[in-house]
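Source file data.pdb; content: PDB, C-alpha atoms.
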ATOM      1  CA  LEU A 189      -7.192  -3.438 -15.792
ATOM      2  CA  GLU A 190     -10.223  -1.581 -17.098
ATOM      3  CA  GLU A 191     -11.378  -0.996 -13.527
ATOM      4  CA  GLU A 192      -8.004   0.551 -12.669
ATOM      5  CA  PHE A 193      -8.163   2.682 -15.802
ATOM      6  CA  THR A 194     -11.592   3.926 -14.813
ATOM      7  CA  LYS A 195     -10.456   4.789 -11.280
ATOM      8  CA  MET A 196      -7.580   6.938 -12.535
ATOM      9  CA  VAL A 197      -8.479  10.610 -12.132
ATOM     10  CA  GLY A 198      -8.498  12.764 -15.282
ATOM     11  CA  MET A 199      -6.409  11.799 -18.346
ATOM     12  CA  THR A 200      -9.602  11.178 -20.348
ATOM     13  CA  GLU A 201      -8.013  11.569 -23.777
ATOM     14  CA  VAL A 202      -4.936   9.524 -22.846
ATOM     15  CA  LYS A 203      -7.056   6.694 -21.445
ATOM     16  CA  ASP A 204      -9.307   6.651 -24.521
ATOM     17  CA  SER A 205      -6.287   6.589 -26.854
ATOM     18  CA  ILE A 206      -4.610   3.753 -24.943
ATOM     19  CA  ARG A 207      -7.850   1.746 -24.937
ATOM     20  CA  THR A 208      -8.010   2.172 -28.724
ATOM     21  CA  ILE A 209      -4.388   1.109 -29.145
ATOM     22  CA  ALA A 210      -4.910  -1.895 -26.864
ATOM     23  CA  THR A 211      -7.856  -2.992 -29.013
ATOM     24  CA  MET A 212      -5.815  -2.516 -32.182
ATOM     25  CA  LEU A 213      -2.834  -4.505 -30.861
ATOM     26  CA  LYS A 214      -5.055  -7.271 -29.533
ATOM     27  CA  ALA A 215      -6.859  -7.579 -32.885
ATOM     28  CA  HIS A 216      -3.550  -7.587 -34.749
ATOM     29  CA  ARG A 217      -2.173 -10.359 -32.550
ATOM     30  CA  ARG A 218      -5.217 -12.534 -33.241
ATOM     31  CA  ARG A 219      -4.777 -11.993 -36.997
ATOM     32  CA  VAL A 220      -1.125 -13.029 -36.680
ATOM     33  CA  GLU A 221      -2.131 -16.197 -34.805
ATOM     34  CA  ARG A 222      -4.398 -17.160 -37.702
ATOM     35  CA  GLY A 223      -1.739 -16.423 -40.309
ATOM     36  CA  LEU A 224      -3.711 -13.539 -41.796
ATOM     37  CA  THR A 225      -0.832 -11.052 -41.541
ATOM     38  CA  THR A 226       2.907 -10.996 -40.945
ATOM     39  CA  GLU A 227       3.186  -7.255 -40.307
ATOM     40  CA  ASP A 228       5.360  -6.519 -37.276
ATOM     41  CA  MET A 229       3.645  -4.064 -34.941
ATOM     42  CA  SER A 230       6.101  -4.299 -32.051
ATOM     43  CA  ILE A 231       8.030  -1.256 -33.297
ATOM     44  CA  MET A 232       4.827   0.765 -33.010
ATOM     45  CA  SER A 233       4.603   0.074 -29.300
ATOM     46  CA  HIS A 234       7.380   2.440 -28.168
ATOM     47  CA  MET A 235       5.737   5.478 -26.590
ATOM     48  CA  VAL A 236       6.327   9.095 -25.585
ATOM     49  CA  PHE A 237       4.507  10.562 -22.573
ATOM     50  CA  ILE A 238       4.525  14.361 -22.656
ATOM     51  CA  GLY A 239       3.386  16.447 -19.699
ATOM     52  CA  SER A 240       4.299  18.244 -16.495
ATOM     53  CA  SER A 241       5.556  16.526 -13.373
ATOM     54  CA  GLY A 242       2.910  14.740 -11.314
ATOM     55  CA  THR A 243       0.377  14.237 -14.128
ATOM     56  CA  GLY A 244       0.279  10.436 -13.869
ATOM     57  CA  LYS A 245       2.865   9.443 -16.487
ATOM     58  CA  THR A 246       4.678   6.873 -14.324
ATOM     59  CA  MET A 247       1.402   5.400 -13.077
ATOM     60  CA  MET A 248       0.167   5.085 -16.660
ATOM     61  CA  ALA A 249       3.455   3.457 -17.745
ATOM     62  CA  ARG A 250       2.924   0.718 -15.159
ATOM     63  CA  LEU A 251      -0.612   0.074 -16.366
ATOM     64  CA  VAL A 252       0.523   0.040 -20.003
ATOM     65  CA  ALA A 253       3.179  -2.571 -19.160
ATOM     66  CA  ARG A 254       0.567  -4.817 -17.592
ATOM     67  CA  MET A 255      -1.808  -4.218 -20.491
ATOM     68  CA  LEU A 256       0.820  -5.192 -23.086
ATOM     69  CA  HIS A 257       1.666  -8.279 -21.031
ATOM     70  CA  HIS A 258      -2.021  -9.220 -20.901
ATOM     71  CA  ILE A 259      -2.285  -8.843 -24.669
ATOM     72  CA  GLY A 260       0.793 -11.043 -25.082
ATOM     73  CA  LEU A 261       3.129  -8.427 -26.519
ATOM     74  CA  LEU A 262       5.387  -8.489 -23.421
ATOM     75  CA  SER A 263       6.499 -11.681 -21.676
ATOM     76  CA  LYS A 264       6.813 -10.207 -18.154
ATOM     77  CA  GLY A 265       5.053  -6.851 -17.972
ATOM     78  CA  HIS A 266       7.404  -5.257 -15.455
ATOM     79  CA  VAL A 267       8.609  -1.640 -15.535
ATOM     80  CA  LEU A 268      12.245  -0.596 -15.153
ATOM     81  CA  GLU A 269      12.326   3.087 -14.232
ATOM     82  CA  VAL A 270      15.615   4.784 -15.099
ATOM     83  CA  ALA A 271      17.113   8.263 -15.244
ATOM     84  CA  SER A 272      20.126   9.554 -17.156
ATOM     85  CA  LYS A 273      22.483   8.532 -14.328
ATOM     86  CA  ASP A 274      21.393   4.910 -14.817
ATOM     87  CA  LEU A 275      22.337   5.004 -18.507
ATOM     88  CA  ILE A 276      25.383   7.251 -18.771
ATOM     89  CA  ALA A 277      28.808   6.210 -17.485
ATOM     90  CA  GLY A 278      31.633   8.427 -16.290
ATOM     91  CA  HIS A 279      34.177   7.441 -18.911
ATOM     92  CA  CYS A 280      34.229   7.412 -22.692
ATOM     93  CA  GLY A 281      33.144   4.096 -24.204
ATOM     94  CA  GLN A 282      31.322   2.877 -21.083
ATOM     95  CA  THR A 283      27.945   4.506 -21.729
ATOM     96  CA  GLY A 284      26.973   2.140 -24.554
ATOM     97  CA  PRO A 285      27.411  -1.032 -22.487
ATOM     98  CA  LYS A 286      25.718   0.582 -19.481
ATOM     99  CA  THR A 287      22.731   1.627 -21.595
ATOM    100  CA  PHE A 288      22.471  -1.813 -23.177
ATOM    101  CA  ALA A 289      22.609  -3.451 -19.732
ATOM    102  CA  ALA A 290      19.641  -1.325 -18.616
ATOM    103  CA  CYS A 291      17.723  -2.302 -21.751
ATOM    104  CA  GLU A 292      18.475  -5.985 -21.097
ATOM    105  CA  LYS A 293      16.986  -5.697 -17.605
ATOM    106  CA  ALA A 294      13.843  -4.290 -19.203
ATOM    107  CA  PHE A 295      13.487  -7.129 -21.743
ATOM    108  CA  GLY A 296      10.020  -8.594 -21.368
ATOM    109  CA  GLY A 297       8.691  -5.324 -19.986
ATOM    110  CA  VAL A 298       8.916  -1.555 -20.232
ATOM    111  CA  LEU A 299      11.974   0.686 -19.970
ATOM    112  CA  PHE A 300      10.580   3.945 -18.572
ATOM    113  CA  ILE A 301      12.907   6.936 -18.969
ATOM    114  CA  ASP A 302      11.561   9.964 -17.117
ATOM    115  CA  GLU A 303      12.920  13.374 -18.107
ATOM    116  CA  ALA A 304      14.579  11.621 -21.048
ATOM    117  CA  TYR A 305      16.022  14.905 -22.364
ATOM    118  CA  SER A 306      18.447  14.940 -19.419
ATOM    119  CA  ILE A 307      20.377  12.233 -21.283
ATOM    120  CA  ASN A 308      21.588  14.840 -23.755
ATOM    121  CA  PRO A 309      20.156  18.199 -22.620
ATOM    122  CA  LYS A 310      21.800  20.390 -25.275
ATOM    123  CA  GLY A 311      22.428  17.746 -27.883
ATOM    124  CA  ASP A 312      26.196  18.247 -27.700
ATOM    125  CA  SER A 313      27.244  15.719 -25.060
ATOM    126  CA  ALA A 314      29.415  12.868 -26.351
ATOM    127  CA  PHE A 315      28.155  10.616 -23.557
ATOM    128  CA  GLY A 316      24.572  11.638 -24.291
ATOM    129  CA  ARG A 317      24.954  10.923 -28.011
ATOM    130  CA  GLU A 318      26.433   7.511 -27.231
ATOM    131  CA  CYS A 319      23.493   6.731 -24.974
ATOM    132  CA  VAL A 320      20.889   7.809 -27.533
ATOM    133  CA  ASP A 321      22.681   5.943 -30.356
ATOM    134  CA  THR A 322      22.651   2.790 -28.242
ATOM    135  CA  LEU A 323      18.980   3.195 -27.342
ATOM    136  CA  VAL A 324      18.017   3.683 -30.989
ATOM    137  CA  LYS A 325      19.935   0.559 -32.025
ATOM    138  CA  VAL A 326      18.534  -1.620 -29.233
ATOM    139  CA  MET A 327      14.992  -0.380 -29.890
ATOM    140  CA  GLU A 328      15.402  -1.534 -33.492
ATOM    141  CA  ASP A 329      17.366  -4.762 -32.991
ATOM    142  CA  HIS A 330      15.283  -6.006 -30.040
ATOM    143  CA  ARG A 331      11.957  -4.314 -30.733
ATOM    144  CA  GLU A 332      10.021  -7.522 -30.094
ATOM    145  CA  LYS A 333      11.504  -7.919 -26.613
ATOM    146  CA  PHE A 334      10.600  -4.716 -24.816
ATOM    147  CA  VAL A 335       8.912  -1.311 -25.009
ATOM    148  CA  VAL A 336      10.581   2.031 -24.368
ATOM    149  CA  ILE A 337       8.506   4.848 -22.877
ATOM    150  CA  MET A 338      10.212   8.247 -22.758
ATOM    151  CA  ALA A 339       8.610  10.980 -20.678
ATOM    152  CA  GLY A 340       9.113  14.648 -19.906
ATOM    153  CA  TYR A 341       8.004  18.237 -20.332
ATOM    154  CA  PRO A 342       6.593  19.214 -23.771
ATOM    155  CA  GLU A 343       9.197  21.726 -24.987
ATOM    156  CA  CYS A 344      12.158  19.705 -23.725
ATOM    157  CA  MET A 345      10.895  16.463 -25.262
ATOM    158  CA  GLU A 346      10.370  18.089 -28.656
ATOM    159  CA  GLU A 347      13.943  19.382 -28.654
ATOM    160  CA  PHE A 348      15.300  16.046 -27.450
ATOM    161  CA  MET A 349      13.583  14.142 -30.248
ATOM    162  CA  GLU A 350      15.458  16.268 -32.785
ATOM    163  CA  THR A 351      18.924  15.446 -31.379
ATOM    164  CA  ASN A 352      19.106  12.121 -33.227
ATOM    165  CA  PRO A 353      17.686  11.482 -36.732
ATOM    166  CA  GLY A 354      16.751   7.894 -35.849
ATOM    167  CA  LEU A 355      15.192   8.608 -32.464
ATOM    168  CA  LYS A 356      11.964  10.234 -33.617
ATOM    169  CA  SER A 357      11.425   7.523 -36.238
ATOM    170  CA  ARG A 358      11.293   4.897 -33.486
ATOM    171  CA  PHE A 359       8.078   6.415 -32.145
ATOM    172  CA  ASN A 360       4.830   6.284 -34.078
ATOM    173  CA  ALA A 361       2.905   9.569 -33.839
ATOM    174  CA  ARG A 362      -0.130   7.625 -32.640
ATOM    175  CA  PHE A 363       1.897   6.505 -29.619
ATOM    176  CA  MET A 364       2.716  10.016 -28.393
ATOM    177  CA  PHE A 365       0.464  10.960 -25.487
ATOM    178  CA  TYR A 366      -0.084  14.397 -23.964
ATOM    179  CA  PHE A 367      -0.877  14.522 -20.249
ATOM    180  CA  ASP A 368      -2.738  17.688 -19.259
ATOM    181  CA  ASP A 369      -2.316  19.282 -15.850
ATOM    182  CA  TYR A 370      -5.038  18.283 -13.418
ATOM    183  CA  THR A 371      -7.876  20.741 -12.834
ATOM    184  CA  THR A 372      -8.581  21.870  -9.277
ATOM    185  CA  GLU A 373     -11.625  19.581  -9.210
ATOM    186  CA  GLU A 374      -9.473  16.628 -10.293
ATOM    187  CA  LEU A 375      -6.894  17.497  -7.625
ATOM    188  CA  ALA A 376      -9.718  17.401  -5.081
ATOM    189  CA  GLU A 377     -10.642  13.910  -6.332
ATOM    190  CA  ILE A 378      -7.038  12.788  -5.921
ATOM    191  CA  PHE A 379      -6.940  14.264  -2.411
ATOM    192  CA  VAL A 380     -10.013  12.244  -1.367
ATOM    193  CA  LEU A 381      -8.587   9.047  -2.896
ATOM    194  CA  GLU A 382      -5.223   9.504  -1.169
ATOM    195  CA  LEU A 383      -6.976  10.243   2.111
ATOM    196  CA  SER A 384      -9.141   7.114   1.849
ATOM    197  CA  LYS A 385      -6.072   4.965   1.102
ATOM    198  CA  ARG A 386      -4.826   5.961   4.552
ATOM    199  CA  HIS A 387      -8.261   5.142   6.082
ATOM    200  CA  TYR A 388      -9.192   8.763   6.770
ATOM    201  CA  HIS A 389     -12.153  10.795   5.532
ATOM    202  CA  LEU A 390     -13.172  14.442   5.359
ATOM    203  CA  ASP A 391     -15.529  16.040   7.843
ATOM    204  CA  GLU A 392     -19.163  16.254   6.777
ATOM    205  CA  GLY A 393     -19.702  18.914   4.109
ATOM    206  CA  LEU A 394     -15.992  19.544   3.649
ATOM    207  CA  GLU A 395     -15.672  17.652   0.364
ATOM    208  CA  ASP A 396     -17.823  20.248  -1.404
ATOM    209  CA  ARG A 397     -15.420  22.975  -0.290
ATOM    210  CA  LEU A 398     -12.272  20.992  -1.052
ATOM    211  CA  PRO A 399     -11.458  22.621  -4.436
ATOM    212  CA  GLN A 400     -11.649  26.013  -2.732
ATOM    213  CA  LEU A 401      -9.397  24.829   0.119
ATOM    214  CA  ILE A 402      -6.834  23.427  -2.326
ATOM    215  CA  THR A 403      -6.712  26.769  -4.127
ATOM    216  CA  GLN A 404      -6.596  28.649  -0.835
ATOM    217  CA  TYR A 405      -3.875  26.707   0.930
ATOM    218  CA  THR A 406      -1.519  25.829  -1.907
ATOM    219  CA  THR A 407       0.325  28.153  -4.231
ATOM    220  CA  GLN A 408      -0.469  28.288  -7.938
ATOM    221  CA  ASP A 409       3.199  27.626  -8.707
ATOM    222  CA  ALA A 410       3.186  24.498  -6.537
ATOM    223  CA  ARG A 411       0.044  23.194  -8.237
ATOM    224  CA  ALA A 412       1.651  23.733 -11.640
ATOM    225  CA  ARG A 413       4.951  22.091 -10.611
ATOM    226  CA  GLN A 414       3.672  19.081  -8.728
ATOM    227  CA  ASN A 415       0.074  18.419  -9.740
ATOM    228  CA  GLY A 416      -1.104  15.079  -8.304
ATOM    229  CA  ARG A 417       2.037  14.616  -6.252
ATOM    230  CA  LEU A 418       1.169  17.825  -4.430
ATOM    231  CA  MET A 419      -2.049  16.250  -3.164
ATOM    232  CA  ARG A 420      -0.161  13.422  -1.470
ATOM    233  CA  THR A 421       1.956  16.013   0.307
ATOM    234  CA  LEU A 422      -1.134  17.983   1.318
ATOM    235  CA  VAL A 423      -2.807  14.813   2.626
ATOM    236  CA  GLU A 424       0.266  13.935   4.695
ATOM    237  CA  ASN A 425       0.359  17.449   6.166
ATOM    238  CA  CYS A 426      -3.351  17.372   7.015
ATOM    239  CA  ILE A 427      -3.018  13.968   8.688
ATOM    240  CA  ALA A 428      -0.037  15.197  10.722
ATOM    241  CA  ASN A 429      -2.051  18.214  11.868
ATOM    242  CA  GLN A 430      -5.091  16.037  12.580
ATOM    243  CA  ASN A 431      -3.025  13.636  14.695
ATOM    244  CA  ARG A 432      -1.526  16.533  16.627
ATOM    245  CA  ARG A 433      -5.031  17.794  17.367
ATOM    246  CA  TRP A 434      -6.242  14.744  19.329
ATOM    247  CA  VAL A 435      -3.273  12.523  20.226
ATOM    248  CA  HIS A 436      -2.783  14.125  23.664
ATOM    249  CA  LEU A 437      -6.401  13.443  24.676
ATOM    250  CA  ASP A 438      -7.462  10.538  26.908
ATOM    251  CA  ASP A 439      -9.324   7.614  25.311
ATOM    252  CA  ASN A 440     -12.645   8.723  26.803
ATOM    253  CA  GLU A 441     -12.205  12.164  25.232
ATOM    254  CA  VAL A 442     -11.769  11.033  21.616
ATOM    255  CA  SER A 443     -14.038   8.802  19.524
ATOM    256  CA  ASP A 444     -13.110   6.439  16.692
ATOM    257  CA  THR A 445     -14.633   8.939  14.265
ATOM    258  CA  ASP A 446     -12.484  11.745  15.685
ATOM    259  CA  MET A 447      -9.372   9.678  15.016
ATOM    260  CA  VAL A 448     -10.080   9.280  11.290
ATOM    261  CA  THR A 449     -11.813  12.565  10.405
ATOM    262  CA  VAL A 450      -9.910  15.442   8.790
ATOM    263  CA  LYS A 451     -11.434  18.848   9.510
ATOM    264  CA  GLU A 452     -10.921  22.211   7.889
ATOM    265  CA  GLU A 453      -8.762  23.344  10.785
ATOM    266  CA  ASP A 454      -6.271  20.611   9.858
ATOM    267  CA  PHE A 455      -5.485  22.546   6.684
ATOM    268  CA  VAL A 456      -4.279  25.537   8.686
ATOM    269  CA  ALA A 457      -2.983  24.186  12.001
ATOM    270  CA  THR A 458       0.316  25.682  13.125
ATOM    271  CA  GLY A 459       3.373  23.638  12.191
ATOM    272  CA  TYR A 460       6.839  23.879  10.727
ATOM    273  CA  ALA A 461       7.311  25.815   7.482
ATOM    274  CA  PRO A 462      10.619  25.164   5.673
ATOM    275  CA  LYS A 463      12.762  28.021   4.413
ATOM    276  CA  ASP A 464      13.418  26.435   1.035
ATOM    277  CA  PRO A 465      10.577  27.549  -1.302
ATOM    278  CA  LEU A 466      11.200  24.541  -3.561
ATOM    279  CA  ASP A 467      10.714  22.090  -0.720
ATOM    280  CA  PRO A 468       7.430  20.220  -1.389
ATOM    281  CA  TRP A 469       6.483  20.657   2.258
ATOM    282  CA  ALA A 470       6.397  24.409   1.664
ATOM    283  CA  VAL A 471       3.289  24.177  -0.503
ATOM    284  CA  VAL A 472       0.932  24.272   2.478
ATOM    285  CA  LYS A 473       0.586  27.730   3.926
ATOM    286  CA  ILE A 474       1.094  26.612   7.498
ATOM    287  CA  GLY A 475      -0.097  28.783  10.356
ATOM    288  CA  ARG A 476      -1.124  31.806   8.243
ATOM    289  CA  LEU A 477      -4.068  32.429   5.989
ATOM    290  CA  PRO A 478      -3.107  33.072   2.360
ATOM    291  CA  GLU A 479      -4.944  36.393   2.483
ATOM    292  CA  ASP A 480      -2.169  37.635   4.769
ATOM    293  CA  PRO A 481       0.565  38.440   2.187
ATOM    294  CA  GLY A 482       4.082  39.097   3.287
ATOM    295  CA  THR A 483       3.785  37.544   6.720
ATOM    296  CA  ASP A 484       6.302  35.016   7.869
ATOM    297  CA  ALA A 485       4.595  31.599   7.994
ATOM    298  CA  SER A 486       7.326  30.160  10.193
ATOM    299  CA  PRO A 487       6.124  29.516  13.733
ATOM    300  CA  LYS A 488       7.637  31.528  16.525
ATOM    301  CA  PRO A 489       9.677  29.509  19.023
ATOM    302  CA  GLU A 490       6.941  29.679  21.621
ATOM    303  CA  GLU A 491       4.383  28.494  19.040
ATOM    304  CA  THR A 492       6.328  25.365  18.112
ATOM    305  CA  PRO A 493       4.338  22.378  19.339
ATOM    306  CA  SER A 494       6.008  20.408  22.057
ATOM    307  CA  TRP A 495       5.917  16.625  22.055
ATOM    308  CA  ALA A 496       7.646  16.272  25.422
ATOM    309  CA  HIS A 497       4.450  15.312  27.221
ATOM    310  CA  LEU A 498       4.014  12.334  24.878
ATOM    311  CA  LEU A 499       7.368  10.740  25.789
TER     312      LEU A 499
END
Represent the supplied structure as structure tokens.
Amino acid sequence: LEEEFTKMVGMTEVKDSIRTIATMLKAHRRRVERGLTTEDMSIMSHMVFIGSSGTGKTMMARLVARMLHHIGLLSKGHVLEVASKDLIAGHCGQTGPKTFAACEKAFGGVLFIDEAYSINPKGDSAFGRECVDTLVKVMEDHREKFVVIMAGYPECMEEFMETNPGLKSRFNARFMFYFDDYTTEELAEIFVLELSKRHYHLDEGLEDRLPQLITQYTTQDARARQNGRLMRTLVENCIANQNRRWVHLDDNEVSDTDMVTVKEEDFVATGYAPKDPLDPWAVVKIGRLPEDPGTDASPKPEETPSWAHLL
């Protein structure tokens, strides 16, 4: 587990805090085993992960579940990821049982609720209140059976915590973690890791220029909205462009190295650019340099690559 923690890019403060908590819980459990204390620390294990999308909250939740299982606090160590639709029913009186059923599935592990504020966005939903009331009760009555991790954006989570007097009290302040956005250098690290997972590597000398390329070929808004997730999209686009570059060549014209090397030109090769600006595939400025403001990045019909010769 420590090796996986170390390999995770960024999140230095979060990782240090979780290591400290793991040590504290492990020491407490050993004291309990020797009869030196009867204090119940399971209620302290519920957590809040606060940060933008794509900052590693879900990945960290999975590692925390395994860590708590290793310590002996959780019997299974699995993670049940849910959203508001998995907790709230369509008719009055059905949300409580549906929420409890989700909690039951998480017993022995972690119930991870991403964008938890969507349960009761304005604090005035009867269904949302029923869901939160049920969660608060189950977190108290069955606190030794599972851990709840709620996650979301900072401002929204702060407002959500105030919608129920008992909700905030279920989370110890020490167990609230703030996930910072990745820096450009950290995004470059993630890009290289994601590329290597797919058995590709960057062309010689390109890694040093990668932070500049990430800034150049992605929008600032996209980096803020998607963070690490954006890098996976950028990797997939680069690989698609790289494949298009050599796949039509004969075997004697392309080496093994050519097949697994991503070059700078793969960041800008002509391809399809979606019209929807919120589409994650729109983050790569395809076919136009970013210094060319106002130009239409969509390829002209005659520029659209043809795959007919491959069939």
| Rounded to one decimal in Å, what is the spacing between CA of Leu256 in chain A and CA of Val298 in chain A? |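 CA of Val298 in chain A lies 9.3 Å from CA of Leu256 in chain A.
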| query | What does the distance between CA of Met212 in chain A and CA of Leu268 in chain A come to in Å, to one decimal place? | reply | 24.9 Å
| task | Tell me, as a list of chain:residue names, which residues lie within 7 Å of Gly198 in chain A, counting all atoms listed in the file; anything in the same chain fewer than 2 positions away does not count. | result |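 Surrounding residues, per the criterion: A:Met196, A:Thr200, A:Tyr370, A:Glu374.
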| Evaluating the PyMOL selection byres ((chain A and resi 391) around 9) on the displayed file yields which residues, as a PyMOL selection string? | chain A and resi 389-390+392-395+449-452
| request: Find, counting only C-alpha atoms, the residue in A:Met419, A:Val324, A:Met338, A:Leu375 that gets nearest to Asn352 in chain A. | output: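 Of the candidates, the smallest distance to Asn352 in chain A is held by A:Val324.
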| task | Evaluate the PyMOL selection byres ((chain A and resi 415) around 12) here and jot the selected residues down as a PyMOL selection string. | result | chain A and resi 197-198+239-245+367-376+378-379+402+406-414+416-422+468+471
| task | Output the residue selection produced by the PyMOL selection byres ((chain A and resi 317) around 12) on the file above, formatted as a PyMOL selection string. | result | chain A and resi 272+275-276+280-281+283-284+287+305-316+318-324+348+350-355
| query | For Arg397 in chain A, which of A:Asp204, A:Lys214, A:Glu377, A:Val336 is the closest residue, counting all atoms listed in the file? | reply |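 Among A:Asp204, A:Lys214, A:Glu377, A:Val336, it is A:Glu377 that comes nearest to Arg397 in chain A.
Between Ser205 in chain A and the candidates A:Glu424, A:Asp396, A:Phe363, A:Gly340, the tightest atom-to-atom separation, counting all atoms listed in the file, involves A:Phe363.
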| query | Could you work out how far CA of Pro342 in chain A lies from CA of Tyr405 in chain A, giving the answer in Å with one decimal? | reply |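 Separation of CA of Tyr405 in chain A and CA of Pro342 in chain A: 27.9 Å.
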| field | Which residue of A:Lys286, A:Val270, A:Ala304, A:Val423 approaches Leu381 in chain A most closely, using only C-alpha atoms | value | A:Val423
| query | Using all atoms listed in the file, which residue out of A:Cys291, A:Ala215, A:Leu224, A:Ile337 lies closest to Asn360 in chain A? | reply |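 Between A:Cys291, A:Ala215, A:Leu224, A:Ile337, the residue approaching Asn360 in chain A most closely is A:Ile337.
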| Exercise: Met248 in chain A partners within 10 Å, all atoms listed in the file, chain neighbours under 3 positions left out, as a list of chain:residue names |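 In the requested form, the answer reads A:Phe193, A:Met196, A:Met199, A:Val202, A:Lys203, A:Ile206, A:Phe237, A:Thr243, A:Gly244, A:Lys245, A:Leu251, A:Val252, A:Ala253, A:Arg254.
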With N, CA and C atoms as the target, complete range 399-410 of chain A and hand it back as a JSON list (two decimals), in the coordinates of the input.
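Done, and the output landed in rebuild29.json:
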[["chain", "number", "residue", "atom", "x", "y", "z"],
["A", 399, "PRO", "N", -12.16, 21.87, -3.39],
["A", 399, "PRO", "CA", -11.46, 22.62, -4.44],
["A", 399, "PRO", "C", -11.06, 24.03, -3.99],
["A", 400, "GLN", "N", -11.95, 24.67, -3.24],
["A", 400, "GLN", "CA", -11.65, 26.01, -2.73],
["A", 400, "GLN", "C", -10.49, 25.97, -1.74],
["A", 401, "LEU", "N", -10.48, 24.95, -0.87],
["A", 401, "LEU", "CA", -9.40, 24.83, 0.12],
["A", 401, "LEU", "C", -8.06, 24.56, -0.56],
["A", 402, "ILE", "N", -8.08, 23.73, -1.60],
["A", 402, "ILE", "CA", -6.83, 23.43, -2.33],
["A", 402, "ILE", "C", -6.27, 24.70, -2.95],
["A", 403, "THR", "N", -7.15, 25.50, -3.54],
["A", 403, "THR", "CA", -6.71, 26.77, -4.13],
["A", 403, "THR", "C", -6.22, 27.73, -3.05],
["A", 404, "GLN", "N", -6.89, 27.70, -1.91],
["A", 404, "GLN", "CA", -6.60, 28.65, -0.84],
["A", 404, "GLN", "C", -5.29, 28.35, -0.11],
["A", 405, "TYR", "N", -5.01, 27.06, 0.08],
["A", 405, "TYR", "CA", -3.88, 26.71, 0.93],
["A", 405, "TYR", "C", -2.69, 26.10, 0.19],
["A", 406, "THR", "N", -2.70, 26.19, -1.13],
["A", 406, "THR", "CA", -1.52, 25.83, -1.91],
["A", 406, "THR", "C", -1.25, 26.95, -2.90],
["A", 407, "THR", "N", -0.02, 27.09, -3.28],
["A", 407, "THR", "CA", 0.32, 28.15, -4.23],
["A", 407, "THR", "C", 0.06, 27.68, -5.65],
["A", 408, "GLN", "N", -0.23, 28.63, -6.53],
["A", 408, "GLN", "CA", -0.47, 28.29, -7.94],
["A", 408, "GLN", "C", 0.77, 27.65, -8.56],
["A", 409, "ASP", "N", 1.94, 28.17, -8.17],
["A", 409, "ASP", "CA", 3.20, 27.63, -8.71],
["A", 409, "ASP", "C", 3.38, 26.17, -8.28],
["A", 410, "ALA", "N", 3.04, 25.88, -7.03],
["A", 410, "ALA", "CA", 3.19, 24.50, -6.54],
["A", 410, "ALA", "C", 2.23, 23.57, -7.27]]
